[in-house]
Structure formats: C-alpha cells, structure tokens
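Each remark here refers to the structure printed beneath this line.
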Amino acid sequence: MVFSSLPFLFLFLPAVLLVSHILPFRFRNGFLLLANLVFYAYGEPVYVLIMIGSILVNYFCARLMDRAGTQGRRRAVLVVGIVLNLAALGVFKYAGLFVGTLKHIPALSGLPAVDIALPIGISFYTFQAVSYLIDVYWRDCPASDKFISFACYISLFPQLIAGPIVRYKDVNEQLSHRVETPTLFNSGVRLFVVGLAKKVLLANQFGQLWDLTSADPVAAGALAAWCGAIAYTFQIYFDFSGYSDMARGLGRMLGFEFCINFNYPYISKSVTEFWRRWHISLSSWFRDYVYIPLGGNRCSKGRNCFNILVVWALTGFWHGAGWNFLFWGFYYGVLLLLEKLVLGRFIRRWPKALQWLYTMVIVVIGWVFFASPDLSAALAYLRVMFSGTPGTGAIPLVPWLGLALMGALAAGPWGKGLWEKYAHRKWMPLAEGLLCLAALLLCVGSLVSDSYNPFLYFRF
Amino acid sequence: MKKCYAVLPMAVFLVFLAVMTALLLFGPKRDFSENEKRVLAGTPDLSASAILQGETQKELESFTSDQVPGRDFFVGVHAYWSLATGRNGSEDIYHGKDGYLINAPKAYDETRLTDNLTRFDDFAAQTGLPADLIMVPTTGYLMADKLPAVHGAYHDDAVYQKAAETVKTLNLIDVRDTLKAAAGEGQVCYRTDHHLTSFGNYQLARAYQAAVGGEDFRQDYDDISVYDGFYGTTWSGSGYWLTRPDTVELWDSGAQVTVTLDDGAGQVKTAHSLFFPDHLEDLDKYPVFLDGNHALVTIENPGAPGGSVLVIRDSYAHCFATFLAEKYQKVTLVDLRYFRTPVSDLLAEHPADRLLVLYGVDNLLTDNNSAWLS
C-alpha cells in the first residue's frame with residue numbers, strides 16, 4: 001500500500017488512527033504490529049513471510065549476541081546475522097542482475113534465468129536490521145527482549161517501504177514509552193499533508209514530462225530533453241522527500257519521532273553539500289557502518305580514496321539492481337573525491353550562483369543515469385541533451401512553466417522561512433487549516449482523476 | 001477554545017478523513033457513471049485466494065476510486081487546478097475560448113492512416129461502385145480561433161494530402177473550406193462534443209450532394225426542434241463541469257422512414273423516426289440521432305429521389321445520415337468497430353448504387369477496425 005492512495009487515506013489510516021488512540025498503551029505495539037503486517041501484506045501477500053523471517057532472525061541473533069560469553073562468539077553471531085541479512089538482499093534484489101550478467105559469458109549462457117520480484121522495502125528494513133545488530137554488537141543499544149516491540153520496529157509501516165532508515169537506538173525509548181499530544185499530532189498532520197502534496201501535486205505531475213521526453217529523446221530534442229531531465233530532478237526529490245515527510249508525519253501522529261531525511265538538497269553549492277542534504281539517513285548509515293569501520297579518513301590518502309569509492313559504489317548499488325546505479329554511485333564517488341582533493345578550493349572562490357549551477361548540472365546529469373532503464377539509454381539521452389538535436393517540437397513545454405515555478409519554490413526553504421516568520425501570528429492556525437483542506441481536496445482530486453476513465457464508445 | 005484553534009489543521013484533517021471514510025463505507029453506492037458511461041466497481045471479493053493473488057487489492061483500489069464520495073467533484077477540482085496552473089496546453093482536452101472544449105490533436109500515425117485509406121480504397125475498387133470519401137475535420141482544425149494560446153498542431157491538412165495521394169478509386173470530397181466558411185454563418189462544431197452540429201452536418205450533406213450530382217437540400221428547414229442541456233463526450237472527459245451546455249437541434253425533413261438497428265449480436269429493433277427522443281433525457285444527447293452506435297443501420301425512405309447508398313462510417317455519420325435519408329431510398333450504415341460479417345456479403349444482401357466512406361480525421365489516425373474489410 002502506498003500513502004498516496006485512496007485505500008490508505010480512507011480505509012487504512014482512519015482505522016489505524018482510531019484504534020491505536022482508543023486502545024490502552026500496553027496493547028498499542030501489538031496492534032501496530034498487526035497494522036504493519038496488514039499494510040505490508042496488502043502489497044506483498046506472500047513476501048510478508050520474508051519480512052517476518054527477517055524479524056525472527058535478527059531478534060534471535062541479537063539475543064544470542066547478548067548472551068554470548070566471549071567477544072569471539074559475539075562477533076561470530078554478528079557475522080552470521082549480517083550474512084543472512086545480506087544474503088536475503090542478494091537473492092531477492094541482485095540475483096537476477098548477477099545471473100543475467102553472467103549469462104553474457106558464453107560458457108555460462110545456459111544458466112537459468114532468475115526472475116524474482118523485488119519485495120517492497122527489503123532494502124530499507126534490511127539496513128535497519130543490520131544497523132541494529134551492529135549497534136548491539138558495539139553495545140550502543142541493548143538487545144531487545146520484547147519481541148512484539150522489536151517486530152513493530154522492523155515493520156513500522158510509516159517508514160517501512162521508503163525510509164527514513166530509522167535506528168533501533170533512536171526509537172527504542174519510544175517503543176516502550178510514547179508521549180502523544182494534540183500539538184505533536186497537529187505537527188504530524190502538517191508534515192503528512194505537505195508530503196502528500198509534494199508527492200501527488202508535484203512529483204506525479206513532473207513525472208509525466210519525464211515520461212514524455214524519455215520515451216523518445218531524439219524526437220523530443222535537446223531543449224525538451226533538458227526540461228525532461230529537470231522535471232525528473234524535481235520528480236525524484238518531491239517523490240522521495242514527500243514520502244519521508246509523510247513517514248515522519250505519520251510517525252508523529254502515532255507518537256514516534258523519526259530523523260529528517262532531506263534538508264533542501266537542491267540549494268546545495270557543491271556535490272559534497274548535496275550529499276549532506278540528500279537522503280541523510282542512508283548517507284549516515286553508510287558513514288557509520290561502512291566508511292568509518294573501513295578506516296574513514298584516519299588513514300592514508302590512498303586508503304581514504306578507496307574507502308570513499310567503496311562507499312559510493314555501494315550507495316549506488318543500494319538504489320537499484322542495475323549497472324547504471326553502480327555507475328551512478330561511482331560518478332558521485334569520483335566527483336566527491338575531486339571536490340575533496342582538487343576542485344573544492346577553486347569552487348569556494350566562485351560566485352555563489354555559479355557554485356549552485358555547477359552542482360545542479362551535475363545532479364541533473366546524475367539523475368539521467370539514475371532514471372534511465374540502463375546505461376546505454378542514459379548515454380543516448382545525454383547525447384541528445386548535449387548535441388543540440390532539434391527534435392520534432394511535438395512535446396509542448398510552455399504548459400509546464402507554472403509547475404516548474406511551483407517546484408522551484410517548493411524545493412527551497414522559502415516556504416519554511418515564511419512559515420517560521422508568521423508562525424506565532426493569530427491567523428496562522430486558520431491559514432494552516434485552510435491550506436490543509438485545499439491540499440487534501442487537490443490531492444484527492446488528482447488521485448481520483450487518475451482513475452477517471454470515460455468509456456466514450458460504450459454501447460448501451 | 002484557544003487550544004482547539006491552535007490545532008485547526010489536525011481538526012480539518014481528522015474531520016475530512018472521518019467524513020470521507022464514513023460516506024465511502026456507509027453512503028449510497030453508485031452502479032453506473034453517466035459521465036464515464038461505464039459500470040462502477042462494487043465491493044471487492046474478500047476470499048483468501050483472491051487476497052493472495054492480489055485480486056482483492058486491485059478491486060479495493062477500483063472500489064475506493066469509483067465509489068469515493070464526490071467523485072465527479074474531485075475530477076473537476078483536478079481539471080480546474082491543472083487549468084489554473086497553466087497545464088491546459090498539455091492536456092488531452094483543451095479548455096478553449098468561448099466555452100469550447102477541444103480534443104488535443106492525435107499523433108500523426110502515417111502508417112495507420114495509409115492502411116485505413118488503402119483498405120477503404122481497395123474495398124471500393126472490389127465493389128466496382130461509384131465511391132466517395134468524406135473525412136470530417138477535427139474541431140481544433142475547424143475552430144482554430146477558439147484554441148488556447150498553447151496547443152499542439154492539428155494534422156488535418158496532412159491527412160487530406162496523404163488521402164489525395166493514396167486513394168485511387170475513392171473520390172475524395174474536400175469539405176474543409178465548406179465547413180470553415182459555414183463556421184462564419186452558424187455553429188458547425190459542438191462546444192462540448194467532438195461531432196459536428198446539425199447545421200454542420202447539413203453543410204456536409206449539401207457538399208456531398210453537390211459532389212455526386214444529387215438533389216440539393218432546402219435552404220429553410222421549417223421543422224427544427226432545439227433542446228438545451230447537451231453535455232457531449234468531450235465535456236465528460238474534460239472535468240470542466242462549469243462549461244455551459246450545448247443545444248442539440250433535430251432537423252426533421254418530415255420523410256416517412258423505416259429504421260432498422262442491428263447491434264450485430266442478434267438484437268434488431270425497428271423504428272419510424274430518425275430521432276430517438278429518449279436520449280434527450282441524458283446529458284449526452286448525441287445518441288438522439290439513430291440511437292447512437294450500432295453495428296448496422298438501414299434507413300428506408302421509399303419517397304426519396306435517390307437510389308441506395310452504403311456508408312462505411314464511424315459515429316460522425318449518425319447525424320449526417322439523418323440528412324442523407326431525405327434524399328436516398330435506402331441508406332445502409334456499417335460501423336466496422338462492431339460489424340463482424342464480411343461487408344461484401346452485406347452488399348450482396350443489400351445492393352447499393354453508391355458507396356460512401358465517412359470518418360472523422362481523428363479516427364482515421366487511431367482506429368484500425370478497417371482491417372475487418374479485408
């Protein structure tokens with residue numbers, strides 16, 4: 001189930017909010033676990049078993065680690081746990097890609113094709129589970145002795161399928177004790193509605209332009225191809241950050257506080273800054289559980305470069321099972337290294353507008369690799385962008401200007417600044433209430449419109 | 001009170017969710033959408049096997065979107081929001097000037113167009129009958145001054161040029177200038193529907209008669225009845241619910257006709273009028289002409305001056321045929337979207353003196369049912 005859908009808004013969410021606020025607190029985690037399983041099984045009626053398997057494995061691994069007498073045994077359990085987690089990810093996410101690639105080798109062309117559908121959210125909950133095991137190993141957090149609250153953590157529906165990647169140590173306390181106040185709920189509503197509007201009114205709409213230009217970039221021509229790539233740049237941001245906002249909003253409605261995942265990445269003035277602002281919970285996961293254990297920057301320059309490239313290759317690969325994602329990761333790894341070693345000191349002297357433009361061009365090009373089905377499609381698209389191909393002019397671009405303007409305003413911190421400036425004015429709650437209603441009407445309008453399907457040659 | 005006011009967004013959100021959910025679950029259900037002309041989804045199948053296969057989930061999506069309270073209102077909200085944010089020129093239906101809702105141009109699919117034209121032409125050659133081709137231009141082409149500032153390019157001229165190059169047997173009757181000129185005298189295209197008005201069809205019928213050397217129509221029809229409140233299919237598809245409705249006019253020549261309507265699946269009904277006033281009760285009143293879409297329609301008018309004509313056509317001919325019936329003793333209309341018997345067999349059963357192929361330009365670019373001819 002996705003948040004931006006009518007069954008979620010008008011069936012699942014009202015039921016969860018109603019029941020979870022009526023039940024005495026001691027039953028809430030149990031109910032929430034049930035709700036999580038229903039939420040997940042709605043989209044993955046069979047794969048829900050894999051998630052339950054993951055919960056069991058990680059719960060007992062941590063318990064074992066807790067009881068293991070020696071450091072060696074603790075480490076052995078940790079390794080087994082991590083291997084099991086990564087194996088599940090490998091089989092369900094990457095097996096198809098690896099086998100498909102191996103089949104290109106003549107001697108291995110007889111391998112059976114692997115066609116396993118990706119279980120939704122497996123990348124997110126696996127990473128949460130791995131962070132939990134490592135934190136328990138490092139004694140950063142205790143091993144959970146309450147199965148239901150642990151299961152609730154791994155499967156927590158607000159952040160189950162698109163993050164943020166929440167760490168057990170951050171919500172451990174909230175699992176056993178949550179303060180629910182109208183003010184917190186109200187701020188949750190605000191975040192949720194903003195996220196919903198980002199997803200439905202912006203991301204989905206921008207997606208239409210990218211779909212048009214990427215379907216046939218040569219016919220679209222250079223100008224439309226640039227507009228399409230920029231539209232995708234908006235789409236992915238509003239889609240992903242909208243989802244994170246909704247997750248954080250839902251979390252607050254249920255008494256949880258999740259970390260910020262996006263901090264206006266498109267105002268960045270360097271690639272390094274961009275990655276400090278984009279998908280923060282993933283970057284910090286890789287920093288804490290891969291980069292620093294590898295030695296981070298407290299090592300030789302060469303080793304540091306290697307560490308950075310490993311982290312970025314993995315980051316790219318985490319985003320999708322495709323060689324274009326690996327390339328996309330390397331692309332950023334190399335750029336970050338360049339900024340760190342050479343470019344950084346020059347860029348700092350440039351005018352701010354130029355710094356921003358440089359960053360955005362790199363980001364937009366990066367998204368072409370990310371959004372294309374494979375590397376050759378990405379290169380073909382980029383060729384059109386940079387070759388000045390005139391195209392047929394069949395895709396109207398002017399109608400997208402209004403949306404582009406809204407996107408540009410919504411991607412920056414200006415709205416937030418305005419809100420903070422007037423937050424304490426008397427009329428603010430009224431303005432917020434009206435905006436909330438308008439956003440809900442427009443979002444539901446857009447969702448309903450998608451299904452509006454006049455059958456004009458109906459025979460009576 | 002002050003505390004409640006501070007959490008107004010929360011109150012708005014919860015009330016909105018509660019009202020929508022309650023109405024969705026306990027409110028009246030709609031079986032049929034007149035705007036969409038389709039049956040709406042009902043309560044989903046909740047069996048375990050359906051859930052495991054994901055069928056229930058799909059049905060639940062359809063159920064919630066079809067039965068969501070205020071469905072048409074929400075579609076309208078979205079349409080006007082897109083319009084207000086400047087998206088008009090990228091929609092499938094343009095919000096034009098003076099209340100014109102105009103279909104955006106269809107992609108120029110030259111292969112499909114040539115295939116269609118060649119099949120019609122080959123069939124005409126096979127029959128050996130004198131045969132004509134009328135291609136009804138799009139509203140966007142005819143009413144170019146009503147289009148919004150940003151719009152796609154209409155391909156009517158290219159279609160006409162391609163037709164002139166492609167057809168050998170069919171005589172292409174160019175109606176573009178006639179209709180454009182007529183647009184200065186009266187309303188040629190509906191504002192809320194893609195078809196031509198009765199006045200437009202009258203002009204089309206005169207052009208046809210002139211091209212085949214038939215008797216011209218009267219200049220003054222004394223029996224024209226006018227009905228308000230016509231919301232055509234362009235309106236239904238647009239979501240622009242605030243557009244004012246069209247009027248539909250029935251131009252009755254007073255001819256004594258027998259109309260046989262065959263739906264191609266064994267249901268045949270007979271009537272003695274070209275008009276079916278039951279449809280005047282509906283929002284979409286266009287089916288008042290010959291009862292809307294049917295596989296095969298025959299109109300007999302023994303008192304007419306002309307012989308018989310077989311028309312291979314789409315829905316643009318519904319109204320056109322009401323004029324043709326005045327001048328021909330027998331008009332046979334075949335709609336290849338529904339007619340599944342070889343048309344040559346039909347011709348053996350209903351011999352004709354002339355053949356006419358009448359299609360809208362849009363359908364020539366998109367429909368491929370002409371394949372049933374060969």
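Residues are named by chain letter and number: chains run A, B, ... in the order of the structure tokens, numbers start at 1 in each chain, and ligands are numbered from 1 in the order shown.
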Next on the checklist: Residues of chain B were defined as contacting chain A if any atom lay at most 8 Å from it, counting only C-alpha atoms; please report them as a PyMOL selection string.
Outcome noted: chain B and resi 5-10+12-13+16-18+20-21+24+35-38+51-54+57+60-62+64-66+68+71+73-78+81+85-90+150-152+233+236-237+293
Checklist entry - So which residues touch range 54-58 of chain A within 7 Å, counting only C-alpha atoms, skipping near sequence neighbours fewer than 4 positions away, as an MDAnalysis selection string? => result chainID A and resid 50 62 81 129 151 154
Item to check | For Leu296 in chain B: contacts at 9 Å, only C-alpha atoms, fewer than 3 positions along chain excluded, given as a PyMOL selection string | outcome: chain B and resi 260-264+293+332-336+338-339
Checklist entry - Quick one: distance from CA of His104 in chain A to CA of Gly366 in chain A in Å, one decimal? => result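 Calculated distance between CA of His104 in chain A and CA of Gly366 in chain A is 26.9 Å.
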Item to check | Two-atom distance - CA of Ser281 in chain A, CA of Glu257 in chain A (Å) | outcome: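 Value for the CA of Ser281 in chain A-CA of Glu257 in chain A distance: 13.6 Å.
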Next on the checklist: Please list as an NGL selection string every residue within 10 Å of range 349-363 of chain A, counting only C-alpha atoms and excluding residues in the same chain fewer than 2 positions away.
Outcome noted: :A and (229-230 or 233 or 265-274 or 331-332 or 335 or 344-347 or 365-368)
Next on the checklist: Please report the interatomic distance between CA of Ser308 in chain B and CA of Lys327 in chain B in Å with one decimal.
Outcome noted: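 Those two atoms sit 9.4 Å apart.
Each of B:Asp228, B:Glu249, B:Asp98, B:Asp122 was compared to Arg191 in chain B using only C-alpha atoms, and B:Asp98 turns out to be the nearest.
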List as a PDB file with C-alpha atoms, in the first residue's frame the protein and nucleic acid residues near Ala164 in chain B, meaning an atom at most 12 Å away when only C-alpha atoms are counted, but skip any in the same chain fewer than 3 places from it.
ATOM      1  CA  THR B 114      -2.366   4.837 -45.060  1.00  0.00           C
ATOM      2  CA  LEU B 117      -7.219   4.586 -46.604  1.00  0.00           C
ATOM      3  CA  THR B 118      -5.782   1.741 -48.680  1.00  0.00           C
ATOM      4  CA  ASP B 121      -9.871   2.185 -51.442  1.00  0.00           C
ATOM      5  CA  LEU B 133     -14.638   9.583 -49.211  1.00  0.00           C
ATOM      6  CA  ILE B 134     -15.535  12.248 -46.669  1.00  0.00           C
ATOM      7  CA  MET B 135     -13.098  12.976 -43.879  1.00  0.00           C
ATOM      8  CA  ASP B 157      -4.207  19.181 -43.893  1.00  0.00           C
ATOM      9  CA  ALA B 158      -1.552  16.468 -43.858  1.00  0.00           C
ATOM     10  CA  VAL B 159      -4.271  13.811 -43.645  1.00  0.00           C
ATOM     11  CA  TYR B 160      -6.068  15.323 -46.624  1.00  0.00           C
ATOM     12  CA  GLN B 161      -2.851  15.474 -48.606  1.00  0.00           C
ATOM     13  CA  VAL B 167      -6.795   6.778 -52.805  1.00  0.00           C
ATOM     14  CA  LYS B 168      -7.285   5.772 -56.436  1.00  0.00           C
ATOM     15  CA  THR B 169     -10.889   4.604 -56.635  1.00  0.00           C
ATOM     16  CA  LEU B 170     -12.471   6.728 -53.935  1.00  0.00           C
ATOM     17  CA  ASN B 171     -13.418  10.258 -54.863  1.00  0.00           C
ATOM     18  CA  LEU B 172     -12.166  12.473 -52.051  1.00  0.00           C
ATOM     19  CA  ILE B 173     -14.692  15.194 -51.269  1.00  0.00           C
ATOM     20  CA  ASP B 174     -12.809  18.037 -49.672  1.00  0.00           C
TER      21      ASP B 174
END
Item to check | All residues 9 Å or closer to Pro245 in chain B, only C-alpha atoms, same chain fewer than 6 positions away omitted, as a VMD selection string | outcome: chain B and resid 99 191 to 192 228 to 232 235
Checklist entry - Using only C-alpha atoms, which residues sit within 12 Å of range 284-294 of chain A once same-chain residues fewer than 3 positions away are excluded, as an MDAnalysis selection string? => result chainID A and resid 82 124 126:135 137:138 163:167 259:261 275:281 297:300 303:316 318
Next on the checklist: Write out as an MDAnalysis selection string the set of residues from range 20-145 of chain B that DSSP, computed on the backbone, places in helix (DSSP H, G or I).
Outcome noted: chainID B and resid 20:26 48:52 55:67 71:84 88:90 97:99 110:127 139:142 144:145
Checklist outcome for this item: Min atom-atom distance to Glu110 in chain B from the set B:Ser374, B:Thr247, B:Thr166, B:Gln67, counting only C-alpha atoms, belongs to B:Thr166
